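Structure, as structure tokens:
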Amino acid sequence: MTQGTDKQPGVLRSLDWWTIGIYLALLTFGWLSVCGASYTYGDTDIFSLDTRSGMQIVWIGTSVCLGFVLLMLDDRFYDTFAYVIFGVLLALLFVTIFNPHQIKGSRSWLVLGPLRVQPAEFAKFATALALAKFMSAYGYAIHRWKHFAATLAIILTPMLFIILQRETGSALVYLAFFLVFYREGMPGCVLFTGVAAVVYFVVGIRFEQVLLFGTPTSVGRFVVLLLVQVFTAGMVWAYTSARGMAWAMVAYCVGLTLVALLFSVFVIPFNVVWVQLALTALMVGWLVLAALGSRLRNFWLITAFAIGSVAFFYSADYVLNNVLEPHQRTRINVLLGLDEDLAGAGYNVHQSEIAIGSGGLEGKGFLNGTQTKLKFVPEQDTDFIFCTVGEEEGFLGSAGVLLLFLALILRLIHLAERQPFAFGRIYGYSVLSIFLFHVFINVGMVLGLTPVIGIPLPFFSYGGSSLWGFTILLFIFLRIDAGRNLVRT
């Protein structure tokens, strides 16, 4: 029971109005962007429900009402029913797999008469609640393998269901929860391993066909194997006391590789990669002997990192060419510069870059963009809506929008850190991680910096499901935060 003369005034006084102000500002700028992206020359009424700008007003209005309802609920409701909410959303995701309605090749939409709902957008807040509930339980320790495996199952299950709906982009959003794990004590080497895997993939695939100094050695493979050796030695230096061993690894691997490369260039050309693989095998053997001699678990983990790095790199090419869908493979090749395809897979990004570049410093003004008005950019009011901001508002407007998102992220960090209980803190970091992932990837793909995976820009992209999903995600946290100072009896 909560002490106090009147619960609701206390909640309203405790609300973080700065975050609500940022939310309303983003909604406003988002609606203006939808207007600009969907406007056609000659339209006389941008408020008509027959237009996307008019319908977006409906989504915004219902979102604000939904946020108000969420604030009126007791904050303990979200903790108590976290697993129930998660179970319901999992059931919806599973049912959606067998949905007969396909929209742009995806089965992720449930069609209810004139209404289309995408359960994947709502599964984010449900997963965040389930994670917060599980990780805040008494006795939970992320360092225990059993606990960590169960935590991974919470995020991998909805990911699997969403992938089966052929909505890979939405599934990748769940990788953002690893930032939450890091905040709650997951070793930094796990995040480093993920970053290293991305580096291996990009460098290895991008430069695989480039030869080093005219020898049969692939630049991509040469650089990746050298990075594996250096990264492994760096982990020995960081996570064990064997600093001398780390420096010796770097010296032997780099020195012998350089000798082999010079021999290949000036004496007999051969593939230096074979020498690097032999050196890596010797390094792994050295790590195994160190692990047996010292009985330190860290040596075994570093050994697994080295072996896993090589295995991942050599499997990446197979995955790219045999596992990924053709359109996904083409998008990656275009992003890495292996294919141009300006009329196909690269068309969206190319037109988006033209639109943003044409905006200049101050932009062309509201409803005055030419690239967007003439519909050169596909999906310009959903996944590629940021190009409308760049064209109409220019660099200054784009920077302003990004600063608003930065303010939201920083504010969420502040709110999460002031939570008195682990449940609120974990949920808060889940919220900001999801927002950060969406903004970084969406803006990056519009600028041609990240792969085109088809995820919306929060509060900007047209549509009710995403707007409701982000609103629920945010306002549940605002309600949890508002109850932080209430006295419980």
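In the structure tokens, the first chain shown is A, the next is B, and so on; residue numbers restart at 1 for each chain, and ligands run from 1 in the order shown.
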So that I can see what lies close to A:Gln351, please list as an MDAnalysis selection string the residues with an atom at most 7 Å from it, counting only C-alpha atoms and leaving out residues fewer than 4 positions away in the same chain. chainID A and resid 347 355 376:377
Output of the above residues as a short mmCIF file (atom, residue, chain, number, x, y, z; two decimals), in the first residue's frame, restricted to all heavy atoms:
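The result, stored in out-v2.cif:
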data_model
loop_
_atom_site.label_atom_id
_atom_site.label_comp_id
_atom_site.auth_asym_id
_atom_site.auth_seq_id
_atom_site.Cartn_x
_atom_site.Cartn_y
_atom_site.Cartn_z
N TYR A 347 19.91 1.66 -54.76
CA TYR A 347 19.12 2.80 -55.23
C TYR A 347 18.60 3.65 -54.06
O TYR A 347 18.71 4.87 -54.08
CB TYR A 347 17.94 2.30 -56.07
CG TYR A 347 17.04 3.41 -56.57
CD1 TYR A 347 17.40 4.17 -57.68
CD2 TYR A 347 15.84 3.71 -55.92
CE1 TYR A 347 16.58 5.19 -58.13
CE2 TYR A 347 15.02 4.73 -56.37
CZ TYR A 347 15.39 5.46 -57.48
OH TYR A 347 14.59 6.49 -57.92
N ALA A 355 19.25 13.40 -51.66
CA ALA A 355 18.26 14.25 -50.99
C ALA A 355 18.89 15.00 -49.83
O ALA A 355 18.70 16.22 -49.66
CB ALA A 355 17.09 13.41 -50.50
N PHE A 376 11.48 10.25 -55.38
CA PHE A 376 12.67 9.54 -55.84
C PHE A 376 13.17 8.54 -54.79
O PHE A 376 13.84 7.57 -55.14
CB PHE A 376 13.79 10.53 -56.16
CG PHE A 376 13.63 11.20 -57.50
CD1 PHE A 376 13.37 12.55 -57.59
CD2 PHE A 376 13.73 10.47 -58.66
CE1 PHE A 376 13.22 13.17 -58.82
CE2 PHE A 376 13.59 11.08 -59.90
CZ PHE A 376 13.33 12.43 -59.98
N VAL A 377 12.87 8.81 -53.52
CA VAL A 377 13.38 7.96 -52.44
C VAL A 377 12.30 6.99 -51.99
O VAL A 377 11.29 7.41 -51.41
CB VAL A 377 13.84 8.80 -51.23
CG1 VAL A 377 14.51 7.91 -50.19
CG2 VAL A 377 14.79 9.91 -51.68
#
Please report, as a ChimeraX atom specification, each residue of stretch 383-451 of chain A to which DSSP assigns alpha helix (DSSP H) when run on this structure's backbone. /A:386-417,422-446
Looking at only C-alpha atoms, which of A:Gly220, A:Gly61, A:Pro451, A:Gly36 is the one that sits closest to A:Leu367?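 Counting only C-alpha atoms, the residue closest to A:Leu367 is A:Gly36.
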Show which residues sit within 6 Å of A:Ala246, as a compact mmCIF listing (two decimals) with N, CA and C atoms, in the first residue's frame. Count only C-alpha atoms, and ignore same-chain residues fewer than 4 positions away.
# COMPACT_ATOMS: atom_id res chain seq x y z
N ALA A 233 46.65 -11.54 -27.99
CA ALA A 233 47.73 -11.11 -27.10
C ALA A 233 47.27 -9.98 -26.19
N VAL A 236 45.38 -11.43 -23.33
CA VAL A 236 46.30 -12.02 -22.34
C VAL A 236 46.86 -10.91 -21.45
N TRP A 237 47.22 -9.79 -22.05
CA TRP A 237 47.77 -8.66 -21.30
C TRP A 237 46.73 -8.07 -20.34
